[in-house]
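Next comes start-v2.csv, with CSV, C-alpha atoms.
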```csv
chain,number,residue,atom,x,y,z
I,61,MET,CA,-16.0,3.5,10.1
I,62,LYS,CA,-15.9,4.4,6.4
I,63,THR,CA,-12.8,5.8,4.6
I,64,ARG,CA,-11.6,5.7,1.1
I,65,VAL,CA,-9.5,2.7,2.2
I,66,THR,CA,-12.5,0.7,3.5
I,67,GLU,CA,-14.3,1.5,0.3
I,68,ILE,CA,-11.4,0.1,-1.8
I,69,LEU,CA,-10.8,-2.9,0.4
I,70,GLY,CA,-14.4,-3.8,1.1
I,71,THR,CA,-13.7,-4.1,4.9
I,72,GLU,CA,-15.7,-2.9,7.8
I,73,TYR,CA,-12.8,-1.2,9.5
I,74,PRO,CA,-9.7,0.6,8.2
I,75,ILE,CA,-7.2,-1.8,9.8
I,76,ILE,CA,-4.8,-3.9,7.9
I,77,GLN,CA,-2.6,-6.7,9.3
I,78,GLY,CA,1.0,-6.6,8.4
I,79,GLY,CA,2.4,-9.2,6.0
I,80,MET,CA,5.0,-10.6,8.4
I,81,ALA,CA,7.1,-13.5,7.1
I,82,TRP,CA,6.3,-16.8,8.9
I,83,VAL,CA,3.7,-15.1,11.1
I,84,ALA,CA,1.1,-13.9,8.6
I,85,GLU,CA,-0.4,-17.3,7.7
I,86,HIS,CA,-4.0,-18.3,7.1
I,87,HIS,CA,-5.2,-18.6,10.7
I,88,LEU,CA,-4.1,-15.1,11.5
I,89,ALA,CA,-5.3,-13.6,8.2
I,90,ALA,CA,-8.7,-15.2,8.4
I,91,ALA,CA,-9.1,-14.1,12.1
I,92,VAL,CA,-8.3,-10.4,11.2
I,93,SER,CA,-10.6,-10.5,8.2
I,94,ASN,CA,-13.5,-12.1,10.2
I,95,ALA,CA,-13.1,-9.4,12.8
I,96,GLY,CA,-13.7,-6.7,10.1
I,97,GLY,CA,-10.1,-5.8,9.2
I,98,LEU,CA,-8.0,-6.9,6.3
I,99,GLY,CA,-6.0,-10.0,7.0
I,100,ILE,CA,-2.8,-10.6,5.0
I,101,ILE,CA,-1.0,-13.7,4.1
I,102,GLY,CA,2.8,-13.0,3.9
I,103,ALA,CA,4.2,-14.8,0.9
I,104,ALA,CA,7.8,-13.9,2.0
I,105,SER,CA,10.1,-16.5,0.5
I,106,ALA,CA,7.7,-19.5,0.7
I,107,PRO,CA,7.4,-21.6,-2.4
I,108,ALA,CA,4.6,-20.3,-4.6
I,109,GLU,CA,2.5,-23.5,-4.3
I,110,VAL,CA,2.6,-23.2,-0.5
I,111,VAL,CA,1.2,-19.6,-0.8
I,112,ARG,CA,-1.6,-21.0,-3.0
I,113,GLU,CA,-2.4,-23.5,-0.3
I,114,GLU,CA,-2.4,-20.8,2.3
I,115,ILE,CA,-4.8,-18.7,0.2
I,116,ARG,CA,-7.2,-21.7,-0.2
I,117,LYS,CA,-7.1,-22.5,3.5
I,118,CYS,CA,-7.8,-18.9,4.3
I,119,LYS,CA,-10.9,-19.0,2.1
I,120,GLU,CA,-12.1,-21.9,4.0
I,121,LEU,CA,-12.0,-19.9,7.2
I,122,THR,CA,-13.4,-16.6,6.0
I,123,ASP,CA,-15.7,-15.3,3.3
I,124,LYS,CA,-14.4,-11.7,3.9
I,125,PRO,CA,-11.7,-10.1,1.8
I,126,PHE,CA,-8.1,-10.7,2.6
I,127,GLY,CA,-4.8,-9.9,0.9
I,128,VAL,CA,-1.4,-11.3,0.1
I,129,ASN,CA,1.9,-9.5,0.8
I,130,ILE,CA,4.5,-10.2,-1.9
I,131,MET,CA,8.2,-9.4,-1.4
I,132,LEU,CA,9.0,-8.5,-4.9
I,133,LEU,CA,12.8,-9.2,-4.7
I,134,ASN,CA,12.1,-12.8,-3.8
I,135,PRO,CA,12.5,-15.3,-6.7
I,136,ASN,CA,9.0,-16.6,-6.1
I,137,ALA,CA,7.4,-13.1,-6.7
I,138,GLU,CA,6.5,-13.7,-10.4
I,139,GLU,CA,4.7,-16.9,-9.6
I,140,VAL,CA,2.9,-15.6,-6.5
I,141,ALA,CA,1.9,-12.5,-8.5
I,142,ARG,CA,0.1,-14.9,-10.9
I,143,ILE,CA,-1.4,-17.1,-8.2
I,144,VAL,CA,-3.1,-14.2,-6.5
I,145,VAL,CA,-5.0,-13.6,-9.7
I,146,GLU,CA,-5.8,-17.2,-10.3
I,147,GLU,CA,-7.1,-17.6,-6.8
I,148,GLY,CA,-9.2,-14.4,-6.9
I,149,VAL,CA,-7.4,-12.6,-4.1
I,150,LYS,CA,-8.7,-9.1,-3.7
I,151,VAL,CA,-5.8,-7.1,-2.4
I,152,VAL,CA,-2.0,-7.2,-2.7
I,153,THR,CA,0.5,-5.4,-0.5
I,154,THR,CA,4.0,-5.3,-1.9
I,155,GLY,CA,7.4,-4.7,-0.3
I,156,ALA,CA,11.1,-4.7,-1.4
I,157,GLY,CA,10.9,-4.0,-5.1
I,158,ASP,CA,8.9,-2.6,-7.9
I,159,PRO,CA,5.4,-3.9,-8.7
I,160,ALA,CA,5.1,-2.0,-12.0
I,161,LYS,CA,5.5,-5.0,-14.2
I,162,PHE,CA,2.6,-6.8,-12.5
I,163,MET,CA,0.3,-3.9,-12.5
I,164,PRO,CA,-1.5,-4.5,-15.8
I,165,MET,CA,-2.2,-8.1,-14.9
I,166,TRP,CA,-3.5,-7.1,-11.4
I,167,LYS,CA,-5.6,-4.2,-12.7
I,168,GLU,CA,-7.2,-6.4,-15.2
I,169,ALA,CA,-8.1,-8.9,-12.5
I,170,GLY,CA,-9.4,-6.1,-10.2
I,171,VAL,CA,-6.8,-6.7,-7.6
I,172,LYS,CA,-6.2,-3.7,-5.4
I,173,VAL,CA,-2.5,-2.8,-4.9
I,174,PHE,CA,-1.1,-1.2,-1.8
I,175,PRO,CA,2.7,-0.9,-1.9
I,176,VAL,CA,4.6,-0.5,1.4
I,177,VAL,CA,7.0,2.5,1.2
I,178,ALA,CA,9.4,4.2,3.5
I,179,SER,CA,9.9,7.5,1.6
I,180,VAL,CA,8.0,10.2,-0.3
I,181,ALA,CA,9.9,9.6,-3.6
I,182,LEU,CA,8.9,5.9,-3.5
I,183,ALA,CA,5.3,6.8,-2.7
I,184,LYS,CA,5.1,9.0,-5.8
I,185,LEU,CA,6.7,6.4,-8.0
I,186,MET,CA,4.2,3.8,-6.8
I,187,GLU,CA,1.2,6.1,-7.3
I,188,ARG,CA,2.4,6.7,-10.8
I,189,ALA,CA,2.7,2.9,-11.4
I,190,GLY,CA,-1.0,2.6,-10.5
I,191,ALA,CA,-1.1,1.9,-6.8
I,192,ASP,CA,-4.6,2.1,-5.3
I,193,GLY,CA,-3.2,3.3,-2.0
I,194,ILE,CA,0.1,3.7,-0.2
I,195,ILE,CA,1.2,2.1,3.0
I,196,ALA,CA,3.7,4.6,4.6
I,197,GLU,CA,5.8,2.6,7.0
I,198,GLY,CA,7.8,4.4,9.6
I,199,MET,CA,11.0,3.0,11.2
I,200,GLU,CA,9.2,2.2,14.4
I,201,SER,CA,8.1,-1.0,12.7
I,202,GLY,CA,9.5,-4.4,13.2
I,203,GLY,CA,11.4,-6.2,10.5
I,204,HIS,CA,12.9,-4.4,7.5
I,205,ILE,CA,12.6,-0.7,7.9
I,206,GLY,CA,13.5,2.7,6.4
I,207,HIS,CA,14.9,5.7,8.2
I,208,THR,CA,12.0,8.0,8.8
I,209,THR,CA,9.5,7.8,11.7
I,210,THR,CA,5.8,7.3,11.2
I,211,PHE,CA,5.0,10.7,12.7
I,212,ALA,CA,7.2,12.5,10.2
I,213,LEU,CA,6.6,10.2,7.2
I,214,VAL,CA,2.8,10.0,7.1
I,215,PRO,CA,1.9,13.6,6.6
I,216,GLN,CA,4.6,14.1,4.0
I,217,VAL,CA,3.4,11.1,2.0
I,218,VAL,CA,-0.2,12.3,2.4
I,219,ASP,CA,0.8,15.6,0.9
I,220,ALA,CA,2.7,14.0,-2.0
I,221,VAL,CA,0.1,11.6,-3.3
I,222,HIS,CA,-3.6,11.7,-4.2
I,223,VAL,CA,-4.4,8.1,-3.4
I,224,PRO,CA,-5.3,7.2,0.3
I,225,VAL,CA,-2.5,6.6,2.7
I,226,VAL,CA,-2.3,3.8,5.3
I,227,ALA,CA,0.0,4.6,8.3
I,228,ALA,CA,2.2,1.8,9.6
I,229,GLY,CA,4.8,1.6,12.3
I,230,GLY,CA,4.4,2.3,16.0
I,231,ILE,CA,0.6,1.8,16.1
I,232,ALA,CA,-0.9,-0.7,18.5
I,233,ASP,CA,-4.0,0.9,20.1
I,234,GLY,CA,-6.8,3.4,19.5
I,235,ARG,CA,-4.6,6.4,20.4
I,236,GLY,CA,-2.1,5.5,17.7
I,237,PHE,CA,-4.9,4.9,15.3
I,238,ALA,CA,-6.5,8.3,16.0
I,239,ALA,CA,-3.1,10.0,15.8
I,240,ALA,CA,-2.5,8.4,12.4
I,241,PHE,CA,-5.8,9.8,11.2
I,242,MET,CA,-4.9,13.2,12.5
I,243,LEU,CA,-1.7,13.0,10.3
I,244,GLY,CA,-3.9,12.3,7.3
I,245,ALA,CA,-3.9,8.5,7.1
I,246,GLU,CA,-7.2,6.8,6.2
I,247,ALA,CA,-6.3,3.4,7.6
I,248,VAL,CA,-3.6,1.8,9.7
I,249,GLN,CA,-1.5,-1.3,9.3
I,250,MET,CA,-0.4,-3.1,12.5
I,251,GLY,CA,2.1,-5.9,12.8
I,252,THR,CA,3.4,-6.4,16.4
I,253,ARG,CA,-0.1,-6.3,18.0
I,254,PHE,CA,-1.2,-9.1,15.7
I,255,VAL,CA,2.0,-11.1,16.2
I,256,ALA,CA,0.8,-11.4,19.8
I,257,ALA,CA,-2.8,-12.2,19.0
I,258,LYS,CA,-4.5,-15.3,20.2
I,259,GLU,CA,-5.0,-16.7,16.7
I,260,SER,CA,-1.3,-16.0,15.7
I,261,ILE,CA,0.7,-19.3,15.4
I,262,VAL,CA,3.8,-17.5,16.8
I,263,HIS,CA,5.5,-19.6,19.5
I,264,PRO,CA,4.4,-18.6,23.1
I,265,ASN,CA,8.0,-17.9,24.0
I,266,PHE,CA,8.1,-15.1,21.3
I,267,LYS,CA,4.7,-13.7,22.4
I,268,GLU,CA,6.0,-13.6,26.0
I,269,LYS,CA,9.0,-11.6,24.9
I,270,ILE,CA,6.6,-9.1,23.3
I,271,PHE,CA,4.5,-8.9,26.5
I,272,LYS,CA,7.6,-8.3,28.6
I,273,ALA,CA,9.2,-5.9,26.3
I,274,LYS,CA,9.7,-2.3,27.4
I,275,ASP,CA,9.9,0.9,25.4
I,276,ILE,CA,13.7,0.6,24.8
I,277,ASP,CA,13.9,-3.1,24.1
I,278,SER,CA,14.1,-3.0,20.3
I,279,THR,CA,17.2,-2.5,18.3
I,280,VAL,CA,18.2,-2.1,14.6
I,281,THR,CA,20.6,-4.5,13.1
I,282,GLY,CA,22.1,-4.3,9.6
I,283,MET,CA,22.3,-0.5,9.5
I,284,SER,CA,25.8,-0.8,8.0
I,285,THR,CA,24.8,-3.2,5.2
I,286,GLY,CA,21.9,-1.0,4.0
I,287,HIS,CA,19.3,-3.6,5.1
I,288,PRO,CA,18.2,-2.4,8.5
I,289,VAL,CA,16.0,-4.8,10.5
I,290,ARG,CA,14.3,-4.0,13.8
I,291,CYS,CA,14.0,-6.7,16.3
I,292,LEU,CA,13.8,-7.2,20.1
I,293,ARG,CA,17.2,-7.3,21.8
I,294,ASN,CA,18.4,-10.7,22.6
I,295,LYS,CA,21.6,-12.8,22.4
I,296,MET,CA,21.3,-13.0,18.6
I,297,SER,CA,20.9,-9.2,18.1
I,298,LYS,CA,23.9,-8.6,20.4
I,299,GLU,CA,26.0,-11.0,18.5
I,300,TYR,CA,25.0,-9.4,15.2
I,301,LEU,CA,25.7,-5.9,16.3
I,302,ARG,CA,29.1,-7.0,17.7
I,303,LEU,CA,30.1,-8.5,14.4
I,304,GLU,CA,28.7,-5.5,12.6
I,305,LYS,CA,30.8,-3.2,14.7
I,306,GLU,CA,33.9,-5.3,14.0
I,307,GLY,CA,33.2,-4.8,10.3
I,308,ALA,CA,32.0,-8.3,9.4
I,309,ASP,CA,31.1,-8.5,5.7
I,310,PHE,CA,27.5,-8.9,4.5
I,311,MET,CA,27.8,-12.6,3.8
I,312,GLU,CA,29.0,-13.4,7.3
I,313,LEU,CA,26.2,-11.5,8.8
I,314,GLU,CA,23.7,-13.2,6.4
I,315,LYS,CA,25.0,-16.6,7.6
I,316,LEU,CA,24.2,-15.6,11.2
I,317,THR,CA,20.6,-14.7,10.4
I,318,LEU,CA,19.9,-17.5,8.0
I,319,GLY,CA,16.7,-19.2,9.2
I,320,SER,CA,16.7,-17.1,12.4
I,321,LEU,CA,13.2,-15.7,12.0
I,322,ARG,CA,11.8,-19.2,11.7
I,323,LYS,CA,13.8,-20.2,14.9
I,324,ALA,CA,12.0,-17.4,16.8
I,325,VAL,CA,8.5,-17.8,15.3
I,326,ILE,CA,8.2,-21.5,15.0
I,327,ASP,CA,10.7,-23.1,17.4
I,328,GLY,CA,10.4,-20.4,20.1
I,329,ASP,CA,14.1,-20.0,20.3
I,330,VAL,CA,14.2,-16.6,21.8
I,331,SER,CA,18.0,-16.5,22.3
I,332,ASN,CA,19.2,-17.4,18.8
I,333,GLY,CA,16.2,-16.4,16.8
I,334,THR,CA,15.4,-13.0,15.4
I,335,LEU,CA,12.5,-11.5,17.3
I,336,MET,CA,11.2,-9.1,14.7
I,337,ALA,CA,8.9,-6.6,16.4
I,338,GLY,CA,8.3,-2.9,16.5
I,339,GLN,CA,9.1,-0.2,19.1
I,340,ILE,CA,5.5,-0.4,20.2
I,341,ALA,CA,6.0,-3.9,21.6
I,342,GLY,CA,6.2,-2.3,25.0
I,343,LEU,CA,2.6,-1.3,24.7
I,344,VAL,CA,1.4,-4.8,24.0
I,345,LYS,CA,0.7,-6.5,27.3
I,346,LYS,CA,-1.5,-9.5,26.8
I,347,GLU,CA,-2.8,-12.0,24.4
I,348,MET,CA,-6.2,-11.1,22.9
I,349,SER,CA,-8.2,-12.4,20.0
I,350,CYS,CA,-8.1,-10.4,16.7
I,351,ARG,CA,-11.7,-9.4,17.3
I,352,GLU,CA,-11.0,-8.1,20.8
I,353,ILE,CA,-8.0,-6.2,19.5
I,354,ILE,CA,-9.9,-4.6,16.6
I,355,GLU,CA,-13.0,-3.7,18.6
I,356,GLU,CA,-10.9,-2.2,21.4
I,357,ILE,CA,-9.0,-0.1,19.0
I,358,MET,CA,-12.0,1.1,17.1
I,359,GLY,CA,-13.8,1.9,20.3
I,360,GLN,CA,-10.9,4.0,21.6
I,361,ALA,CA,-10.3,5.6,18.2
I,362,GLU,CA,-13.9,6.6,17.6
I,363,THR,CA,-14.2,8.3,21.0
I,364,LEU,CA,-10.9,10.2,20.4
I,365,LEU,CA,-11.7,11.2,16.9
I,366,GLY,CA,-15.3,12.1,17.8
I,367,GLU,CA,-13.9,14.4,20.5
I,368,LYS,CA,-11.7,16.1,18.0
I,369,ARG,CA,-14.4,16.6,15.4
D,93,MET,CA,24.6,17.8,-19.0
D,94,LEU,CA,27.2,16.0,-16.9
D,95,GLU,CA,27.9,19.2,-15.0
D,96,LYS,CA,24.2,19.6,-14.2
D,97,LEU,CA,23.9,16.0,-13.3
D,98,ILE,CA,26.9,16.2,-10.9
D,99,SER,CA,25.5,19.2,-9.1
D,100,ILE,CA,22.2,17.3,-8.6
D,101,ILE,CA,24.1,14.3,-7.3
D,102,GLU,CA,26.2,16.4,-5.0
D,103,GLU,CA,23.1,18.0,-3.5
D,104,GLN,CA,21.0,14.8,-3.2
D,105,LEU,CA,23.7,12.5,-1.8
D,106,ASN,CA,25.6,15.1,0.1
D,107,VAL,CA,28.9,14.4,-1.5
D,108,GLU,CA,30.1,18.0,-2.2
D,109,GLY,CA,33.9,18.1,-2.8
D,110,MET,CA,34.2,14.5,-3.8
D,111,GLU,CA,35.8,13.8,-7.1
D,112,ILE,CA,32.9,12.5,-9.3
D,113,THR,CA,33.6,10.8,-12.6
D,114,GLU,CA,31.4,8.7,-14.9
D,115,SER,CA,32.7,5.5,-13.2
D,116,THR,CA,31.7,6.7,-9.7
D,117,SER,CA,29.2,4.2,-8.2
D,118,PHE,CA,26.3,5.5,-6.1
D,119,LYS,CA,26.2,2.5,-3.8
D,120,GLU,CA,29.9,1.8,-3.4
D,121,ASP,CA,31.5,5.2,-3.6
D,122,MET,CA,28.7,7.4,-2.2
D,123,ASP,CA,27.1,5.0,0.3
D,124,ALA,CA,23.7,5.6,-1.3
D,125,ASP,CA,20.9,3.1,-0.3
D,126,SER,CA,17.8,2.3,-2.3
D,127,LEU,CA,15.8,5.2,-0.8
D,128,ASP,CA,18.6,7.6,-1.7
D,129,LEU,CA,18.4,6.4,-5.3
D,130,PHE,CA,14.7,6.9,-5.6
D,131,ASP,CA,15.1,10.4,-4.3
D,132,LEU,CA,17.9,11.0,-6.8
D,133,ALA,CA,15.7,9.7,-9.6
D,134,MET,CA,13.0,12.1,-8.7
D,135,ALA,CA,15.4,15.0,-8.7
D,136,ILE,CA,16.8,14.0,-12.1
D,137,GLU,CA,13.3,13.7,-13.5
D,138,GLU,CA,12.5,17.2,-12.3
D,139,GLU,CA,15.7,18.8,-13.7
D,140,PHE,CA,15.6,17.1,-17.1
D,141,GLY,CA,11.8,17.0,-17.5
D,142,ILE,CA,11.6,13.3,-18.1
D,143,GLU,CA,9.9,10.4,-16.4
D,144,ILE,CA,12.0,7.4,-15.4
D,145,PRO,CA,9.8,4.3,-15.1
D,146,SER,CA,10.7,2.4,-12.0
D,147,GLU,CA,11.8,-0.6,-14.0
D,148,ASP,CA,14.6,1.5,-15.4
D,149,LEU,CA,16.0,2.4,-12.0
D,150,GLY,CA,17.8,-0.9,-11.6
D,151,ASN,CA,20.1,0.1,-14.5
D,152,ILE,CA,21.2,3.2,-12.7
D,153,THR,CA,24.3,2.2,-10.8
D,154,THR,CA,27.0,4.7,-11.8
D,155,VAL,CA,27.1,8.3,-12.9
D,156,GLY,CA,28.0,7.1,-16.4
D,157,SER,CA,24.9,4.9,-16.5
D,158,VAL,CA,22.7,8.0,-15.8
D,159,VAL,CA,24.5,9.9,-18.6
D,160,GLU,CA,23.9,7.0,-21.0
D,161,TYR,CA,20.3,6.8,-19.9
D,162,LEU,CA,19.7,10.5,-20.4
D,163,LYS,CA,21.3,10.3,-23.8
D,164,SER,CA,19.0,7.4,-24.7
D,165,LYS,CA,16.1,9.8,-23.8
D,166,GLY,CA,17.5,12.4,-26.3
D,167,ILE,CA,19.0,14.6,-23.6
D,168,GLU,CA,22.5,15.9,-24.6
D,169,GLU,CA,22.7,19.1,-22.5
```
Rendering of file as structure tokens:
Amino acid sequence: MKTRVTEILGTEYPIIQGGMAWVAEHHLAAAVSNAGGLGIIGAASAPAEVVREEIRKCKELTDKPFGVNIMLLNPNAEEVARIVVEEGVKVVTTGAGDPAKFMPMWKEAGVKVFPVVASVALAKLMERAGADGIIAEGMESGGHIGHTTTFALVPQVVDAVHVPVVAAGGIADGRGFAAAFMLGAEAVQMGTRFVAAKESIVHPNFKEKIFKAKDIDSTVTGMSTGHPVRCLRNKMSKEYLRLEKEGADFMELEKLTLGSLRKAVIDGDVSNGTLMAGQIAGLVKKEMSCREIIEEIMGQAETLLGEKR
Amino acid sequence: MLEKLISIIEEQLNVEGMEITESTSFKEDMDADSLDLFDLAMAIEEEFGIEIPSEDLGNITTVGSVVEYLKSKGIEE
């Protein structure tokens, strides 16, 4: 399937894997890219040299394009921004911050830039800064989120910018993909479905929580601090919400979550870890390879979109 | 200019009736989050016919800081 996004990214399919911290490492990224999507290495707060290693290992596993997600508020952002250029990475997705100061360097190196945004105003600003496309992420997503749903956000962003829009949040199958295209998106980004993929290094306990999750099993912590995070409900989220309700200050809440994503992803501690996942977790039922996931989605979506055309 | 600015702020951040001075902070006094601030910046751009580069947005924390910013862009009214 060809769209403006596949043209820009050089991928077979308009499917991007989310840049999830701890989860989006080279095995997963390479598997998604090898299956025809765009794999992403999530730099998160990893030391810059670790990110360089991840990029190199990913190149050993795939000769297809892949990207790096950079959280711009992290202290490592400046160094990682330079490393992607040095390592010849083709695509960068950005979150939490302003990529404008890196744009000239990336443009010169031919790096394509897709900022993740949660509002129309931010989408416009990013387009003006030179973004090649916009990832409009609804609050159905796992991890750090905005306030607007994908269903409402995507068409409004599509109307506000000229560059192609990628829909993210609440998409895990061909129906979600087709719906996103009906809203004007030209690609989708998926997180939760890939967290549970066979090639994902996420601990089996965490994957099991996703497979068992029902429609109402996610919650949002940190609404009061201005940094809302969606995760699956567990002991940790309950404790967080209780403290939040009691008016705990930001530092106290931060202390509770320090290292908690790692606990969930790497150690498989599903009680005390933060199980970042989207609302669509309820739809994800079994472990499949990235290729099986992408082919299933594309098959469903092409049928659905074909019928509509 | 301050009057115009205050009316934009009131509308964007839904703080009609609040006493707004130059020292009023968007985050602390008006509970604005980062998305609100981006929206506010767009509205200010439109009203005053300027472009606020995103790297300047970090400096906008209080009503007074916007006033200073607009003055630095040559806007007095």
Which one of I:Met296, I:Ala91, I:Ala232, I:Val145 sits closest to Glu200 of chain I if you count all atoms listed in the file?
->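 Ranked by minimum distance to Glu200 of chain I, first place goes to I:Ala232.
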Nearest to Ile144 of chain D, chosen from D:Glu108, D:Glu103, D:Asp131, D:Asp123, with only C-alpha atoms counted in the distances =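 Closest residue, counting only C-alpha atoms: D:Asp131.
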Within 9 Å of segment 111-121 of chain D, counting all atoms listed in the file, which residues qualify if same-chain residues fewer than 5 places away don't, as a PyMOL selection string?
-> chain D and resi 94+98+102+105+126+129+152-159
Specify as a VMD selection string all residues of chain I found within 8 Å of chain D, counting all atoms listed in the file.
-> chain I and resid 158 160 to 161 178 to 179 181 to 182 185 206 286
Store the residues picked out above, limited to C-alpha atoms, as a JSON list (two decimals), in the coordinates of the input.
```json
[["chain", "number", "residue", "atom", "x", "y", "z"],
["I", 158, "ASP", "CA", 8.90, -2.60, -7.90],
["I", 160, "ALA", "CA", 5.10, -2.00, -12.00],
["I", 161, "LYS", "CA", 5.50, -5.00, -14.20],
["I", 178, "ALA", "CA", 9.40, 4.20, 3.50],
["I", 179, "SER", "CA", 9.90, 7.50, 1.60],
["I", 181, "ALA", "CA", 9.90, 9.60, -3.60],
["I", 182, "LEU", "CA", 8.90, 5.90, -3.50],
["I", 185, "LEU", "CA", 6.70, 6.40, -8.00],
["I", 206, "GLY", "CA", 13.50, 2.70, 6.40],
["I", 286, "GLY", "CA", 21.90, -1.00, 4.00]]
```
What lies within 9 Å of Phe140 of chain D using all atoms listed in the file, ignoring chain neighbours under 4 positions off, as a count of residues only?
-> 4
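Using only C-alpha atoms for every distance, the candidate list D:Lys165, D:Ile100, D:Gly109, D:Glu95 yields D:Lys165 as the residue closest to Gly141 of chain D.
In this model, the gap between atom CA of Glu147 of chain I and atom CA of Arg188 of chain I comes to 26.4 Å.
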Skipping near chain neighbours, those fewer than 4 positions away, what residues fall within 12 Å of Leu365 of chain I using all atoms listed in the file, listed as a list of chain:residue names?
->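 Surrounding residues, per the criterion: I:Met61, I:Gly234, I:Arg235, I:Gly236, I:Phe237, I:Ala238, I:Ala239, I:Ala240, I:Phe241, I:Met242, I:Ile357, I:Met358, I:Gly359, I:Gln360, I:Ala361, I:Arg369.
Nearest residue to Gly251 of chain I among I:Gln339, I:Asn134, I:Thr208, I:Ser320 is I:Gln339, counting all atoms listed in the file.
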Hey, which of D:Met122, D:Lys163, D:Glu139, D:Glu168 ends up closest to Ser99 of chain D? Count all atoms listed in the file.
->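 Checking each candidate against Ser99 of chain D, we get D:Glu139 as the closest.
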Could you write segment 220-238 of chain I as a PDB file, in the coordinates of the input, with N, CA and C atoms rebuilt where they are missing?
```pdb
ATOM      1  N   ALA I 220       2.019  14.266  -0.679  1.00  0.00           N
ATOM      2  CA  ALA I 220       2.700  14.000  -2.000  1.00  0.00           C
ATOM      3  C   ALA I 220       1.858  13.186  -2.939  1.00  0.00           C
ATOM      4  N   VAL I 221       0.863  12.458  -2.441  1.00  0.00           N
ATOM      5  CA  VAL I 221       0.100  11.600  -3.300  1.00  0.00           C
ATOM      6  C   VAL I 221      -1.423  11.905  -3.223  1.00  0.00           C
ATOM      7  N   HIS I 222      -2.178  11.455  -4.211  1.00  0.00           N
ATOM      8  CA  HIS I 222      -3.600  11.700  -4.200  1.00  0.00           C
ATOM      9  C   HIS I 222      -4.375  10.445  -3.674  1.00  0.00           C
ATOM     10  N   VAL I 223      -3.757   9.271  -3.833  1.00  0.00           N
ATOM     11  CA  VAL I 223      -4.400   8.100  -3.400  1.00  0.00           C
ATOM     12  C   VAL I 223      -4.370   8.025  -1.824  1.00  0.00           C
ATOM     13  N   PRO I 224      -5.277   7.265  -1.196  1.00  0.00           N
ATOM     14  CA  PRO I 224      -5.300   7.200   0.300  1.00  0.00           C
ATOM     15  C   PRO I 224      -4.027   6.583   0.844  1.00  0.00           C
ATOM     16  N   VAL I 225      -3.685   7.029   2.056  1.00  0.00           N
ATOM     17  CA  VAL I 225      -2.500   6.600   2.700  1.00  0.00           C
ATOM     18  C   VAL I 225      -2.816   5.768   3.967  1.00  0.00           C
ATOM     19  N   VAL I 226      -2.122   4.662   4.140  1.00  0.00           N
ATOM     20  CA  VAL I 226      -2.300   3.800   5.300  1.00  0.00           C
ATOM     21  C   VAL I 226      -1.005   4.031   6.162  1.00  0.00           C
ATOM     22  N   ALA I 227      -1.182   4.347   7.447  1.00  0.00           N
ATOM     23  CA  ALA I 227       0.000   4.600   8.300  1.00  0.00           C
ATOM     24  C   ALA I 227       0.391   3.242   8.950  1.00  0.00           C
ATOM     25  N   ALA I 228       1.699   2.986   9.002  1.00  0.00           N
ATOM     26  CA  ALA I 228       2.200   1.800   9.600  1.00  0.00           C
ATOM     27  C   ALA I 228       3.451   2.084  10.420  1.00  0.00           C
ATOM     28  N   GLY I 229       3.632   1.365  11.519  1.00  0.00           N
ATOM     29  CA  GLY I 229       4.800   1.600  12.300  1.00  0.00           C
ATOM     30  C   GLY I 229       4.503   2.299  13.617  1.00  0.00           C
ATOM     31  N   GLY I 230       4.562   1.609  14.738  1.00  0.00           N
ATOM     32  CA  GLY I 230       4.400   2.300  16.000  1.00  0.00           C
ATOM     33  C   GLY I 230       2.907   2.409  16.443  1.00  0.00           C
ATOM     34  N   ILE I 231       2.012   1.693  15.763  1.00  0.00           N
ATOM     35  CA  ILE I 231       0.600   1.800  16.100  1.00  0.00           C
ATOM     36  C   ILE I 231       0.117   0.478  16.698  1.00  0.00           C
ATOM     37  N   ALA I 232      -0.457   0.544  17.901  1.00  0.00           N
ATOM     38  CA  ALA I 232      -0.900  -0.700  18.500  1.00  0.00           C
ATOM     39  C   ALA I 232      -2.213  -0.499  19.315  1.00  0.00           C
ATOM     40  N   ASP I 233      -2.721   0.735  19.358  1.00  0.00           N
ATOM     41  CA  ASP I 233      -4.000   0.900  20.100  1.00  0.00           C
ATOM     42  C   ASP I 233      -4.789   2.078  19.435  1.00  0.00           C
ATOM     43  N   GLY I 234      -5.889   2.422  20.075  1.00  0.00           N
ATOM     44  CA  GLY I 234      -6.800   3.400  19.500  1.00  0.00           C
ATOM     45  C   GLY I 234      -6.161   4.816  19.470  1.00  0.00           C
ATOM     46  N   ARG I 235      -5.239   5.076  20.389  1.00  0.00           N
ATOM     47  CA  ARG I 235      -4.600   6.400  20.400  1.00  0.00           C
ATOM     48  C   ARG I 235      -3.677   6.511  19.154  1.00  0.00           C
ATOM     49  N   GLY I 236      -2.929   5.453  18.876  1.00  0.00           N
ATOM     50  CA  GLY I 236      -2.100   5.500  17.700  1.00  0.00           C
ATOM     51  C   GLY I 236      -2.895   5.559  16.422  1.00  0.00           C
ATOM     52  N   PHE I 237      -4.018   4.843  16.410  1.00  0.00           N
ATOM     53  CA  PHE I 237      -4.900   4.900  15.300  1.00  0.00           C
ATOM     54  C   PHE I 237      -5.414   6.319  15.037  1.00  0.00           C
ATOM     55  N   ALA I 238      -5.904   6.942  16.130  1.00  0.00           N
ATOM     56  CA  ALA I 238      -6.500   8.300  16.000  1.00  0.00           C
ATOM     57  C   ALA I 238      -5.366   9.282  15.585  1.00  0.00           C
TER      58      ALA I 238
END
```
